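I have placed the structure first, in the form of structure tokens, so that the comments after it can refer back to it.
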Amino acid sequence: MSDTTTAQDETTARDEEPKEPLSAEERMRERRAAAYRGATRVLARTGLRAPLRERLARLQEAAPEVYDLDEPSDIYGNGVVEALERRVAALLGTEAAAFFPTGTMAQQVALRCWAARTGNPTVALHALAHPEVHERDAFREVAGLRTVRVTGEPRLPTAQEIRDFAEPFGALMVELPLRDAGFVLPSWEELTELVEAARERDAVVHFDGARLWESTVHLGHSLSEIADLADSVYVSFYKSLDGFGGAALAGPKSLVEDAKTWRHRYGGMVFQQFPTALAALIGLEHELPRLPDYVRHARVVAAALREGFAGSAVPWARVHPGEPHTHQFQLWLPYDADVLLEAAVRQAEETGTYLFVGFWDTKGPGLSMTEVTVTAEGLDWTAEDVRTAVADFVGRLPGTPRAEAPL
């Protein structure tokens, strides 16, 4: 027998070996992905879930609208990356902006730069702020910063809480909107008073504006007017603009220049970033102008969800905030997360309507929450469409009567 034949036989034998069965979690992940791809109706459809071919085709189609593709490619942050930085600075009304590969890096750099200037490494923030919940203590472990929590209430800190806080801090970080509290925002008056209170304590103010783009409707002011309240602002290019990734830090030119030095030290001077930069410019051109429509329609969807569950066999339901501050909000239901996830996926598989595409998080015994997002696809949903979908979803929950299909 030849060596080639032996190798082929061994390969065939390996291919025929029984594979490990998928876990329940893996099977659900595959079902969710297939249900999303096959769904004919969703409230939001993002590039994150699209096949690579589709994302590349979209980039190729839209990129000529936002940048001259005959220009040389970027190298270590010039070219199209500089064009993106100028665009962000103009939108936010700041002297300059710096592109970063991640928001985690951008905010560490911003706050450590401010700490060097104020001489105080203490950052005051909310207990639900992104660095406290999702970044593995990066402020402390990597940036050498110390955080103190002004409040843990599901709202932004108040001006009085800032004035009464028991210890000094060099910077106040404000997340706009506060995602883990329900994408909540303060009123414009509350925000301006909060900033003034921090300034009374000689602290600088940094806005975590990962989702700042959609905050203008609730706050009733432009991006530049909002950014003007703070000493520095971070924005994301993928959370609301459907980009590939990336972030920007905007503020005074001297701060941005310092930040670029630290960006290099952190490993953020990526050799070429043109796909991410182009996707960000496309998002600013196409998605940013539509965000106010998404926010306004999210309020229609939220009201219809509330009405639909109120008229159903579900004993209790909560839409939070009652009137969404952005195009994203929370829905709370009195069921285990796996029960709700199964009902949502089955609805998509059997009807093509995927009402709740996100995960359900357990928040207590028999209590779960999901985040609802409304984008372009959701604009076609009427309030009656939402109520009908709720009735069908509820009919798939244990202990509830199955809704009749609409005539």
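Labeling convention for the structure tokens: chains A, B, ... as they appear, residues from 1 per chain, ligands from 1 in order of appearance.
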
Residues near Gly144 in chain A, anyone? I mean within 9 Å using only C-alpha atoms, not counting same-chain ones fewer than 4 positions away, as a PDB file with all heavy atoms, in the first residue's frame.
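What landed in selection_28.pdb:
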ATOM      1  N   ARG A 112      -6.525  59.113  31.514  1.00  0.00           N
ATOM      2  CA  ARG A 112      -5.181  59.193  32.064  1.00  0.00           C
ATOM      3  C   ARG A 112      -4.511  60.505  31.650  1.00  0.00           C
ATOM      4  O   ARG A 112      -3.698  61.062  32.405  1.00  0.00           O
ATOM      5  CB  ARG A 112      -4.350  57.975  31.668  1.00  0.00           C
ATOM      6  CG  ARG A 112      -3.831  57.924  30.249  1.00  0.00           C
ATOM      7  CD  ARG A 112      -3.015  56.638  30.032  1.00  0.00           C
ATOM      8  NE  ARG A 112      -1.903  56.590  30.984  1.00  0.00           N
ATOM      9  CZ  ARG A 112      -1.310  55.467  31.407  1.00  0.00           C
ATOM     10  NH1 ARG A 112      -1.756  54.300  30.986  1.00  0.00           N
ATOM     11  NH2 ARG A 112      -0.297  55.518  32.237  1.00  0.00           N
ATOM     12  N   PRO A 121      -5.819  61.146  39.949  1.00  0.00           N
ATOM     13  CA  PRO A 121      -6.173  59.993  39.117  1.00  0.00           C
ATOM     14  C   PRO A 121      -7.555  59.410  39.414  1.00  0.00           C
ATOM     15  O   PRO A 121      -7.910  58.367  38.868  1.00  0.00           O
ATOM     16  CB  PRO A 121      -5.088  58.978  39.467  1.00  0.00           C
ATOM     17  CG  PRO A 121      -4.776  59.267  40.900  1.00  0.00           C
ATOM     18  CD  PRO A 121      -4.914  60.762  41.058  1.00  0.00           C
ATOM     19  N   ALA A 138     -10.196  47.784  33.717  1.00  0.00           N
ATOM     20  CA  ALA A 138      -9.100  48.298  32.897  1.00  0.00           C
ATOM     21  C   ALA A 138      -8.604  49.656  33.382  1.00  0.00           C
ATOM     22  O   ALA A 138      -7.402  49.941  33.305  1.00  0.00           O
ATOM     23  CB  ALA A 138      -9.542  48.395  31.436  1.00  0.00           C
ATOM     24  N   PHE A 139      -9.510  50.507  33.872  1.00  0.00           N
ATOM     25  CA  PHE A 139      -9.063  51.810  34.358  1.00  0.00           C
ATOM     26  C   PHE A 139      -7.990  51.639  35.431  1.00  0.00           C
ATOM     27  O   PHE A 139      -6.963  52.331  35.428  1.00  0.00           O
ATOM     28  CB  PHE A 139     -10.251  52.600  34.933  1.00  0.00           C
ATOM     29  CG  PHE A 139     -11.001  53.416  33.906  1.00  0.00           C
ATOM     30  CD1 PHE A 139     -10.863  53.184  32.553  1.00  0.00           C
ATOM     31  CD2 PHE A 139     -11.859  54.430  34.308  1.00  0.00           C
ATOM     32  CE1 PHE A 139     -11.554  53.929  31.616  1.00  0.00           C
ATOM     33  CE2 PHE A 139     -12.557  55.199  33.385  1.00  0.00           C
ATOM     34  CZ  PHE A 139     -12.403  54.935  32.040  1.00  0.00           C
ATOM     35  N   ARG A 140      -8.233  50.733  36.357  1.00  0.00           N
ATOM     36  CA  ARG A 140      -7.287  50.534  37.452  1.00  0.00           C
ATOM     37  C   ARG A 140      -6.081  49.698  37.020  1.00  0.00           C
ATOM     38  O   ARG A 140      -4.932  50.075  37.270  1.00  0.00           O
ATOM     39  CB  ARG A 140      -7.989  49.843  38.619  1.00  0.00           C
ATOM     40  CG  ARG A 140      -7.067  49.633  39.835  1.00  0.00           C
ATOM     41  CD  ARG A 140      -7.735  48.853  40.955  1.00  0.00           C
ATOM     42  NE  ARG A 140      -7.906  47.445  40.605  1.00  0.00           N
ATOM     43  CZ  ARG A 140      -9.066  46.836  40.511  1.00  0.00           C
ATOM     44  NH1 ARG A 140     -10.191  47.506  40.722  1.00  0.00           N
ATOM     45  NH2 ARG A 140      -9.140  45.554  40.200  1.00  0.00           N
TER      46      ARG A 140
END

Can you tell me, as a PyMOL selection string, what residues are no more than 7 Å from range 385-393 of chain A when counting only C-alpha atoms, ignoring any on the same chain fewer than 5 positions away?
chain A and resi 301+304-305+308-309+312+343-344+347+355+403

Go ahead and write the residues just picked, all heavy atoms, as a CSV table (one decimal), in the first residue's frame.
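Dumped everything to again-v9.csv:
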chain,number,residue,atom,x,y,z
A,301,VAL,N,-43.2,51.9,18.9
A,301,VAL,CA,-43.0,50.5,19.2
A,301,VAL,C,-43.2,50.2,20.7
A,301,VAL,O,-43.8,49.2,21.1
A,301,VAL,CB,-41.7,50.0,18.6
A,301,VAL,CG1,-41.4,48.6,19.1
A,301,VAL,CG2,-41.6,50.1,17.1
A,304,ALA,N,-46.7,50.3,21.8
A,304,ALA,CA,-47.5,49.2,21.3
A,304,ALA,C,-47.1,47.9,22.0
A,304,ALA,O,-48.0,47.1,22.3
A,304,ALA,CB,-47.2,49.0,19.8
A,305,LEU,N,-45.9,47.8,22.4
A,305,LEU,CA,-45.5,46.6,23.2
A,305,LEU,C,-46.2,46.7,24.6
A,305,LEU,O,-46.7,45.6,25.0
A,305,LEU,CB,-44.0,46.6,23.4
A,305,LEU,CG,-43.1,46.2,22.2
A,305,LEU,CD1,-41.6,46.4,22.6
A,305,LEU,CD2,-43.3,44.7,21.9
A,308,GLY,N,-49.8,45.8,24.0
A,308,GLY,CA,-49.9,44.4,23.7
A,308,GLY,C,-49.8,43.5,24.9
A,308,GLY,O,-50.6,42.6,25.1
A,309,PHE,N,-48.8,43.7,25.7
A,309,PHE,CA,-48.7,42.9,26.9
A,309,PHE,C,-49.7,43.2,27.9
A,309,PHE,O,-50.2,42.2,28.6
A,309,PHE,CB,-47.3,43.1,27.5
A,309,PHE,CG,-46.2,42.3,26.7
A,309,PHE,CD1,-45.3,43.0,25.9
A,309,PHE,CD2,-46.1,40.9,26.8
A,309,PHE,CE1,-44.3,42.3,25.2
A,309,PHE,CE2,-45.2,40.2,26.1
A,309,PHE,CZ,-44.2,40.9,25.3
A,312,SER,N,-52.7,41.1,27.3
A,312,SER,CA,-52.4,39.6,27.1
A,312,SER,C,-52.6,38.9,28.4
A,312,SER,O,-53.0,39.4,29.4
A,312,SER,CB,-51.0,39.5,26.6
A,312,SER,OG,-50.1,39.7,27.6
A,343,ALA,N,-39.3,30.9,23.0
A,343,ALA,CA,-40.5,31.5,22.4
A,343,ALA,C,-40.2,32.4,21.3
A,343,ALA,O,-40.9,32.4,20.2
A,343,ALA,CB,-41.4,32.2,23.4
A,344,ALA,N,-39.2,33.3,21.5
A,344,ALA,CA,-38.8,34.2,20.4
A,344,ALA,C,-38.3,33.5,19.2
A,344,ALA,O,-38.6,33.9,18.1
A,344,ALA,CB,-37.8,35.2,21.0
A,347,GLN,N,-41.1,31.7,17.3
A,347,GLN,CA,-41.9,32.6,16.6
A,347,GLN,C,-41.3,32.9,15.2
A,347,GLN,O,-41.9,33.0,14.2
A,347,GLN,CB,-42.2,33.9,17.4
A,347,GLN,CG,-43.1,34.9,16.6
A,347,GLN,CD,-43.3,36.1,17.4
A,347,GLN,OE1,-42.5,36.5,18.3
A,347,GLN,NE2,-44.5,36.7,17.3
A,355,LEU,N,-39.5,39.0,16.6
A,355,LEU,CA,-39.9,40.2,17.4
A,355,LEU,C,-38.7,40.6,18.4
A,355,LEU,O,-38.4,41.8,18.5
A,355,LEU,CB,-41.2,40.0,18.2
A,355,LEU,CG,-41.7,41.1,19.1
A,355,LEU,CD1,-42.0,42.4,18.2
A,355,LEU,CD2,-43.0,40.7,19.8
A,403,ALA,N,-52.6,32.5,20.5
A,403,ALA,CA,-53.4,33.6,19.8
A,403,ALA,C,-53.8,33.0,18.5
A,403,ALA,O,-53.1,32.2,17.8
A,403,ALA,CB,-52.5,34.8,19.6

Check the smallest atom-to-atom distance from each of A:Gln160, A:Ser232, A:Ser215, A:Gln60 to Ala97 in chain A using only C-alpha atoms, then report the winner.
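Of A:Gln160, A:Ser232, A:Ser215, A:Gln60, the one nearest Ala97 in chain A, counting only C-alpha atoms, is A:Ser232.
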
Shell of 6 Å around Thr326 in chain A, only C-alpha atoms, local chain residues under 2 positions omitted, as a PyMOL selection string:
chain A and resi 214+295+324+328

So that I can see what lies close to Leu340 in chain A, please list as a PDB file with C-alpha atoms, in the first residue's frame the residues with an atom at most 10 Å from it, counting only C-alpha atoms and leaving out residues fewer than 2 positions away in the same chain.
ATOM      1  CA  LEU A 333     -41.065  39.953  31.615  1.00  0.00           C
ATOM      2  CA  PRO A 334     -41.796  37.528  34.502  1.00  0.00           C
ATOM      3  CA  TYR A 335     -40.347  34.370  32.916  1.00  0.00           C
ATOM      4  CA  ASP A 336     -37.031  32.547  32.902  1.00  0.00           C
ATOM      5  CA  ALA A 337     -34.657  33.658  30.172  1.00  0.00           C
ATOM      6  CA  ASP A 338     -34.525  30.278  28.413  1.00  0.00           C
ATOM      7  CA  GLU A 342     -37.259  29.636  23.020  1.00  0.00           C
ATOM      8  CA  ALA A 343     -40.547  31.455  22.383  1.00  0.00           C
ATOM      9  CA  ALA A 344     -38.817  34.228  20.431  1.00  0.00           C
ATOM     10  CA  VAL A 345     -36.870  31.817  18.228  1.00  0.00           C
ATOM     11  CA  ARG A 346     -39.879  29.578  17.584  1.00  0.00           C
ATOM     12  CA  PHE A 356     -37.117  39.910  20.061  1.00  0.00           C
ATOM     13  CA  PHE A 359     -30.633  37.604  24.353  1.00  0.00           C
ATOM     14  CA  TRP A 360     -32.751  37.552  27.481  1.00  0.00           C
ATOM     15  CA  ASP A 361     -30.780  38.271  30.658  1.00  0.00           C
ATOM     16  CA  SER A 368     -35.738  38.446  32.600  1.00  0.00           C
ATOM     17  CA  MET A 369     -34.899  41.463  30.454  1.00  0.00           C
ATOM     18  CA  THR A 370     -34.070  41.992  26.801  1.00  0.00           C
ATOM     19  CA  PHE A 393     -45.346  35.637  21.022  1.00  0.00           C
ATOM     20  CA  VAL A 394     -47.371  35.416  24.229  1.00  0.00           C
ATOM     21  CA  ARG A 396     -45.960  30.568  22.700  1.00  0.00           C
ATOM     22  CA  LEU A 397     -45.266  31.049  26.401  1.00  0.00           C
ATOM     23  CA  PRO A 398     -46.168  28.275  28.841  1.00  0.00           C
TER      24      PRO A 398
END

Residue list (strand (DSSP E), DSSP) for range 170-399 of chain A, as a short mmCIF file (atom, residue, chain, number, x, y, z; two decimals) with all heavy atoms, in the first residue's frame:
data_model
loop_
_atom_site.label_atom_id
_atom_site.label_comp_id
_atom_site.auth_asym_id
_atom_site.auth_seq_id
_atom_site.Cartn_x
_atom_site.Cartn_y
_atom_site.Cartn_z
N ALA A 171 -11.81 63.92 37.60
CA ALA A 171 -12.65 63.90 36.40
C ALA A 171 -13.99 63.24 36.71
O ALA A 171 -14.06 62.30 37.50
CB ALA A 171 -11.95 63.16 35.26
N LEU A 172 -15.03 63.75 36.08
CA LEU A 172 -16.35 63.13 36.12
C LEU A 172 -16.62 62.55 34.75
O LEU A 172 -16.54 63.25 33.74
CB LEU A 172 -17.43 64.15 36.47
CG LEU A 172 -18.88 63.66 36.34
CD1 LEU A 172 -19.17 62.57 37.37
CD2 LEU A 172 -19.86 64.82 36.47
N MET A 173 -16.92 61.27 34.72
CA MET A 173 -17.24 60.60 33.46
C MET A 173 -18.74 60.35 33.42
O MET A 173 -19.30 59.74 34.33
CB MET A 173 -16.48 59.27 33.36
CG MET A 173 -16.78 58.47 32.12
SD MET A 173 -15.76 56.98 32.09
CE MET A 173 -16.49 56.13 30.71
N VAL A 174 -19.40 60.81 32.36
CA VAL A 174 -20.85 60.69 32.23
C VAL A 174 -21.17 59.90 30.97
O VAL A 174 -20.79 60.30 29.87
CB VAL A 174 -21.52 62.08 32.16
CG1 VAL A 174 -23.03 61.95 32.10
CG2 VAL A 174 -21.12 62.94 33.35
N GLU A 175 -21.87 58.77 31.13
CA GLU A 175 -22.23 57.94 29.98
C GLU A 175 -23.58 58.39 29.43
O GLU A 175 -24.59 58.35 30.12
CB GLU A 175 -22.29 56.47 30.39
CG GLU A 175 -22.55 55.52 29.23
CD GLU A 175 -22.48 54.05 29.64
OE1 GLU A 175 -21.70 53.71 30.55
OE2 GLU A 175 -23.24 53.25 29.05
N VAL A 204 -12.68 68.02 35.66
CA VAL A 204 -12.98 68.04 34.23
C VAL A 204 -14.13 67.06 33.98
O VAL A 204 -14.40 66.18 34.79
CB VAL A 204 -11.76 67.66 33.37
CG1 VAL A 204 -10.63 68.64 33.56
CG2 VAL A 204 -11.30 66.24 33.69
N VAL A 205 -14.80 67.25 32.85
CA VAL A 205 -15.95 66.41 32.51
C VAL A 205 -15.68 65.70 31.19
O VAL A 205 -15.35 66.34 30.18
CB VAL A 205 -17.23 67.25 32.40
CG1 VAL A 205 -18.41 66.37 31.97
CG2 VAL A 205 -17.54 67.95 33.72
N HIS A 206 -15.82 64.38 31.23
CA HIS A 206 -15.65 63.56 30.02
C HIS A 206 -16.96 62.83 29.74
O HIS A 206 -17.52 62.18 30.62
CB HIS A 206 -14.52 62.54 30.21
CG HIS A 206 -14.44 61.53 29.10
ND1 HIS A 206 -13.90 61.82 27.87
CD2 HIS A 206 -14.85 60.22 29.04
CE1 HIS A 206 -13.97 60.74 27.11
NE2 HIS A 206 -14.55 59.77 27.79
N PHE A 207 -17.43 62.93 28.50
CA PHE A 207 -18.65 62.22 28.10
C PHE A 207 -18.29 60.90 27.43
O PHE A 207 -17.55 60.89 26.43
CB PHE A 207 -19.48 63.05 27.11
CG PHE A 207 -20.24 64.19 27.74
CD1 PHE A 207 -20.85 65.16 26.93
CD2 PHE A 207 -20.37 64.32 29.11
CE1 PHE A 207 -21.55 66.21 27.48
CE2 PHE A 207 -21.07 65.37 29.68
CZ PHE A 207 -21.66 66.32 28.85
N ASP A 208 -18.79 59.80 27.99
CA ASP A 208 -18.77 58.52 27.29
C ASP A 208 -19.96 58.56 26.34
O ASP A 208 -21.09 58.24 26.71
CB ASP A 208 -18.90 57.37 28.29
CG ASP A 208 -19.02 56.00 27.63
OD1 ASP A 208 -19.30 55.95 26.41
OD2 ASP A 208 -18.84 54.99 28.33
N GLY A 209 -19.70 58.97 25.12
CA GLY A 209 -20.78 59.16 24.15
C GLY A 209 -20.79 58.08 23.09
O GLY A 209 -21.01 58.38 21.90
N SER A 232 -14.05 66.67 27.06
CA SER A 232 -13.70 65.69 26.02
C SER A 232 -14.87 64.74 25.84
O SER A 232 -15.71 64.57 26.73
CB SER A 232 -12.43 64.91 26.39
OG SER A 232 -12.58 64.23 27.62
N VAL A 233 -14.93 64.13 24.66
CA VAL A 233 -16.04 63.26 24.30
C VAL A 233 -15.49 62.06 23.52
O VAL A 233 -14.63 62.22 22.65
CB VAL A 233 -17.08 63.98 23.41
CG1 VAL A 233 -18.24 63.05 23.07
CG2 VAL A 233 -17.59 65.25 24.10
N TYR A 234 -16.00 60.89 23.86
CA TYR A 234 -15.71 59.69 23.06
C TYR A 234 -16.97 59.29 22.32
O TYR A 234 -18.07 59.34 22.87
CB TYR A 234 -15.23 58.56 23.97
CG TYR A 234 -15.74 57.18 23.62
CD1 TYR A 234 -15.34 56.53 22.45
CD2 TYR A 234 -16.62 56.51 24.46
CE1 TYR A 234 -15.81 55.26 22.13
CE2 TYR A 234 -17.10 55.24 24.15
CZ TYR A 234 -16.69 54.62 22.98
OH TYR A 234 -17.17 53.38 22.68
N VAL A 235 -16.83 58.88 21.05
CA VAL A 235 -17.95 58.37 20.27
C VAL A 235 -17.54 57.07 19.60
O VAL A 235 -16.36 56.85 19.31
CB VAL A 235 -18.43 59.38 19.20
CG1 VAL A 235 -19.12 60.58 19.84
CG2 VAL A 235 -17.27 59.83 18.32
N SER A 236 -18.54 56.21 19.37
CA SER A 236 -18.30 54.92 18.72
C SER A 236 -18.82 54.97 17.30
O SER A 236 -19.77 55.69 16.99
CB SER A 236 -19.00 53.80 19.49
OG SER A 236 -18.95 52.59 18.77
N ALA A 247 -13.48 54.03 17.12
CA ALA A 247 -13.99 55.08 17.98
C ALA A 247 -13.19 56.34 17.75
O ALA A 247 -12.17 56.33 17.05
CB ALA A 247 -13.88 54.65 19.45
N ALA A 248 -13.65 57.44 18.33
CA ALA A 248 -12.91 58.69 18.26
C ALA A 248 -12.96 59.39 19.60
O ALA A 248 -13.96 59.31 20.32
CB ALA A 248 -13.46 59.60 17.17
N LEU A 249 -11.88 60.04 19.94
CA LEU A 249 -11.80 60.92 21.10
C LEU A 249 -11.70 62.34 20.58
O LEU A 249 -10.81 62.65 19.78
CB LEU A 249 -10.58 60.58 21.95
CG LEU A 249 -10.31 61.53 23.11
CD1 LEU A 249 -11.43 61.47 24.14
CD2 LEU A 249 -8.97 61.21 23.77
N ALA A 250 -12.62 63.20 21.02
CA ALA A 250 -12.66 64.58 20.54
C ALA A 250 -12.51 65.55 21.70
O ALA A 250 -12.98 65.28 22.80
CB ALA A 250 -13.97 64.83 19.81
N GLY A 251 -11.85 66.68 21.44
CA GLY A 251 -11.66 67.67 22.48
C GLY A 251 -10.66 68.72 22.06
O GLY A 251 -10.42 68.92 20.86
N ARG A 318 -42.94 45.17 31.70
CA ARG A 318 -42.44 46.53 31.91
C ARG A 318 -41.58 46.94 30.73
O ARG A 318 -40.62 46.26 30.37
CB ARG A 318 -41.61 46.58 33.21
CG ARG A 318 -40.91 47.91 33.46
CD ARG A 318 -41.89 49.00 33.89
NE ARG A 318 -41.24 50.28 34.10
CZ ARG A 318 -40.65 50.67 35.24
NH1 ARG A 318 -40.64 49.85 36.28
NH2 ARG A 318 -40.10 51.86 35.35
N VAL A 319 -41.96 48.04 30.11
CA VAL A 319 -41.11 48.69 29.11
C VAL A 319 -40.39 49.83 29.81
O VAL A 319 -41.01 50.66 30.47
CB VAL A 319 -41.96 49.24 27.94
CG1 VAL A 319 -41.10 50.09 27.01
CG2 VAL A 319 -42.61 48.10 27.17
N HIS A 320 -39.06 49.84 29.69
CA HIS A 320 -38.27 50.85 30.39
C HIS A 320 -37.22 51.45 29.46
O HIS A 320 -36.49 50.73 28.80
CB HIS A 320 -37.58 50.23 31.60
CG HIS A 320 -36.67 51.19 32.32
ND1 HIS A 320 -37.15 52.24 33.07
CD2 HIS A 320 -35.32 51.26 32.38
CE1 HIS A 320 -36.13 52.91 33.58
NE2 HIS A 320 -35.01 52.34 33.16
N GLN A 328 -33.31 52.61 21.51
CA GLN A 328 -33.13 51.35 22.23
C GLN A 328 -33.74 51.47 23.62
O GLN A 328 -33.69 52.53 24.25
CB GLN A 328 -31.64 51.00 22.34
CG GLN A 328 -30.98 50.78 20.98
CD GLN A 328 -29.50 50.46 21.11
OE1 GLN A 328 -28.68 51.35 21.33
NE2 GLN A 328 -29.15 49.20 20.97
N PHE A 329 -34.31 50.37 24.09
CA PHE A 329 -34.93 50.38 25.42
C PHE A 329 -35.00 48.95 25.94
O PHE A 329 -34.65 47.99 25.23
CB PHE A 329 -36.32 51.03 25.37
CG PHE A 329 -37.27 50.40 24.39
CD1 PHE A 329 -38.12 49.35 24.76
CD2 PHE A 329 -37.32 50.84 23.06
CE1 PHE A 329 -38.99 48.78 23.86
CE2 PHE A 329 -38.21 50.26 22.15
CZ PHE A 329 -39.04 49.23 22.55
N GLN A 330 -35.45 48.79 27.17
CA GLN A 330 -35.53 47.48 27.80
C GLN A 330 -36.98 46.99 27.86
O GLN A 330 -37.91 47.79 28.00
CB GLN A 330 -34.97 47.53 29.22
CG GLN A 330 -33.50 47.85 29.32
CD GLN A 330 -33.04 47.95 30.76
OE1 GLN A 330 -33.86 48.10 31.68
NE2 GLN A 330 -31.74 47.87 30.99
N LEU A 331 -37.13 45.66 27.80
CA LEU A 331 -38.41 45.01 28.07
C LEU A 331 -38.18 43.95 29.15
O LEU A 331 -37.29 43.11 29.01
CB LEU A 331 -38.97 44.35 26.81
CG LEU A 331 -40.23 43.50 27.04
CD1 LEU A 331 -41.41 44.37 27.44
CD2 LEU A 331 -40.56 42.69 25.79
N TRP A 332 -38.96 44.01 30.22
CA TRP A 332 -38.87 43.07 31.33
C TRP A 332 -40.12 42.20 31.37
O TRP A 332 -41.24 42.72 31.26
CB TRP A 332 -38.75 43.82 32.66
CG TRP A 332 -37.50 44.64 32.81
CD1 TRP A 332 -37.12 45.70 32.04
CD2 TRP A 332 -36.48 44.47 33.79
NE1 TRP A 332 -35.93 46.21 32.48
CE2 TRP A 332 -35.50 45.47 33.57
CE3 TRP A 332 -36.30 43.58 34.85
CZ2 TRP A 332 -34.37 45.60 34.36
CZ3 TRP A 332 -35.17 43.70 35.64
CH2 TRP A 332 -34.21 44.70 35.39
N LEU A 333 -39.94 40.88 31.54
CA LEU A 333 -41.06 39.95 31.61
C LEU A 333 -40.83 38.94 32.74
O LEU A 333 -39.69 38.56 33.01
CB LEU A 333 -41.26 39.21 30.28
CG LEU A 333 -41.76 40.03 29.09
CD1 LEU A 333 -41.76 39.19 27.83
CD2 LEU A 333 -43.15 40.59 29.36
N THR A 353 -41.48 36.24 11.63
CA THR A 353 -41.40 37.48 12.42
C THR A 353 -40.53 37.22 13.64
O THR A 353 -40.85 36.38 14.47
CB THR A 353 -42.81 37.92 12.88
OG1 THR A 353 -43.58 38.29 11.74
CG2 THR A 353 -42.71 39.12 13.82
N TYR A 354 -39.43 37.95 13.71
CA TYR A 354 -38.50 37.80 14.84
C TYR A 354 -38.63 39.07 15.67
O TYR A 354 -37.96 40.06 15.45
CB TYR A 354 -37.08 37.63 14.32
CG TYR A 354 -36.14 36.90 15.26
CD1 TYR A 354 -34.90 36.46 14.79
CD2 TYR A 354 -36.46 36.65 16.58
CE1 TYR A 354 -34.02 35.77 15.62
CE2 TYR A 354 -35.59 35.98 17.41
CZ TYR A 354 -34.37 35.54 16.93
OH TYR A 354 -33.51 34.88 17.76
N ASP A 361 -31.65 38.35 29.49
CA ASP A 361 -30.78 38.27 30.66
C ASP A 361 -31.61 38.01 31.90
O ASP A 361 -32.63 38.68 32.13
CB ASP A 361 -30.00 39.58 30.85
CG ASP A 361 -29.00 39.82 29.74
OD1 ASP A 361 -28.50 38.83 29.17
OD2 ASP A 361 -28.74 40.99 29.42
N THR A 362 -31.18 37.05 32.71
CA THR A 362 -31.85 36.77 33.97
C THR A 362 -31.59 37.90 34.96
O THR A 362 -30.44 38.26 35.21
CB THR A 362 -31.35 35.44 34.56
OG1 THR A 362 -31.66 34.39 33.64
CG2 THR A 362 -32.02 35.15 35.90
N LYS A 363 -32.64 38.46 35.50
CA LYS A 363 -32.51 39.57 36.45
C LYS A 363 -33.00 39.20 37.84
O LYS A 363 -32.94 40.03 38.76
CB LYS A 363 -33.30 40.77 35.93
CG LYS A 363 -32.73 41.37 34.65
CD LYS A 363 -31.31 41.89 34.85
CE LYS A 363 -30.75 42.55 33.61
NZ LYS A 363 -29.36 43.03 33.81
N GLY A 364 -33.48 37.99 38.01
CA GLY A 364 -33.98 37.54 39.29
C GLY A 364 -34.75 36.25 39.07
O GLY A 364 -34.95 35.82 37.92
N LEU A 367 -37.53 36.25 36.36
CA LEU A 367 -37.57 37.62 35.83
C LEU A 367 -36.42 37.80 34.84
O LEU A 367 -35.27 37.52 35.16
CB LEU A 367 -37.45 38.64 36.96
CG LEU A 367 -37.45 40.11 36.54
CD1 LEU A 367 -38.78 40.49 35.90
CD2 LEU A 367 -37.15 41.01 37.74
N SER A 368 -36.75 38.28 33.64
CA SER A 368 -35.74 38.45 32.60
C SER A 368 -35.95 39.75 31.85
O SER A 368 -37.04 40.33 31.85
CB SER A 368 -35.78 37.27 31.61
OG SER A 368 -35.59 36.04 32.27
N MET A 369 -34.87 40.20 31.19
CA MET A 369 -34.90 41.46 30.45
C MET A 369 -34.20 41.28 29.12
O MET A 369 -33.20 40.56 29.02
CB MET A 369 -34.19 42.56 31.27
CG MET A 369 -34.17 43.93 30.60
SD MET A 369 -32.78 44.18 29.44
CE MET A 369 -31.40 44.25 30.58
N THR A 370 -34.74 41.93 28.09
CA THR A 370 -34.07 41.99 26.80
C THR A 370 -34.03 43.44 26.34
O THR A 370 -34.83 44.27 26.79
CB THR A 370 -34.77 41.12 25.74
OG1 THR A 370 -33.92 40.99 24.59
CG2 THR A 370 -36.10 41.72 25.30
N GLU A 371 -33.10 43.74 25.46
CA GLU A 371 -33.00 45.08 24.88
C GLU A 371 -33.65 45.07 23.50
O GLU A 371 -33.41 44.17 22.69
CB GLU A 371 -31.54 45.51 24.77
CG GLU A 371 -30.88 45.69 26.12
CD GLU A 371 -29.40 45.99 26.04
OE1 GLU A 371 -28.78 45.73 24.97
OE2 GLU A 371 -28.84 46.47 27.04
N VAL A 372 -34.46 46.07 23.24
CA VAL A 372 -35.17 46.20 21.97
C VAL A 372 -34.57 47.38 21.21
O VAL A 372 -34.39 48.46 21.78
CB VAL A 372 -36.67 46.42 22.18
CG1 VAL A 372 -37.39 46.58 20.83
CG2 VAL A 372 -37.28 45.27 22.97
N THR A 373 -34.26 47.16 19.94
CA THR A 373 -33.68 48.20 19.10
C THR A 373 -34.55 48.39 17.87
O THR A 373 -35.05 47.42 17.30
CB THR A 373 -32.25 47.81 18.66
OG1 THR A 373 -31.43 47.63 19.81
CG2 THR A 373 -31.64 48.90 17.78
#

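Taking CA of Glu285 in chain A and CA of His218 in chain A as endpoints, the distance between them is 21.4 Å.
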
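Using only C-alpha atoms, the nearest neighbour of Ala348 in chain A within the list A:Ala33, A:Leu255, A:Met269, A:Ala106 is A:Ala33.
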
For Trp316 in chain A, which of A:Gly366, A:Pro101, A:Gly93, A:Gly220 is the closest residue, counting only C-alpha atoms?
A:Gly366

Write out as number ranges by chain all residues of range 236-407 of chain A that backbone DSSP assigns to alpha helix (DSSP H).
A: 253-265, 274-286, 291-310, 337-351, 383-394

Selection: 10 Å around range 374-381 of chain A, only C-alpha atoms, excl. self and same-chain fewer than 3 positions, as a list in words
Thr40, Arg41, Val42, Leu43, Ala44, Arg45, Thr46, Ser240, Glu287, Arg290, Leu291, Asp293, Tyr294, Val295, Arg296, His297, Ala298, Arg299, Val300, Val301, Ala302, Thr326, His327, Gln328, Phe329, Glu384, Asp385 and Val386 of chain A
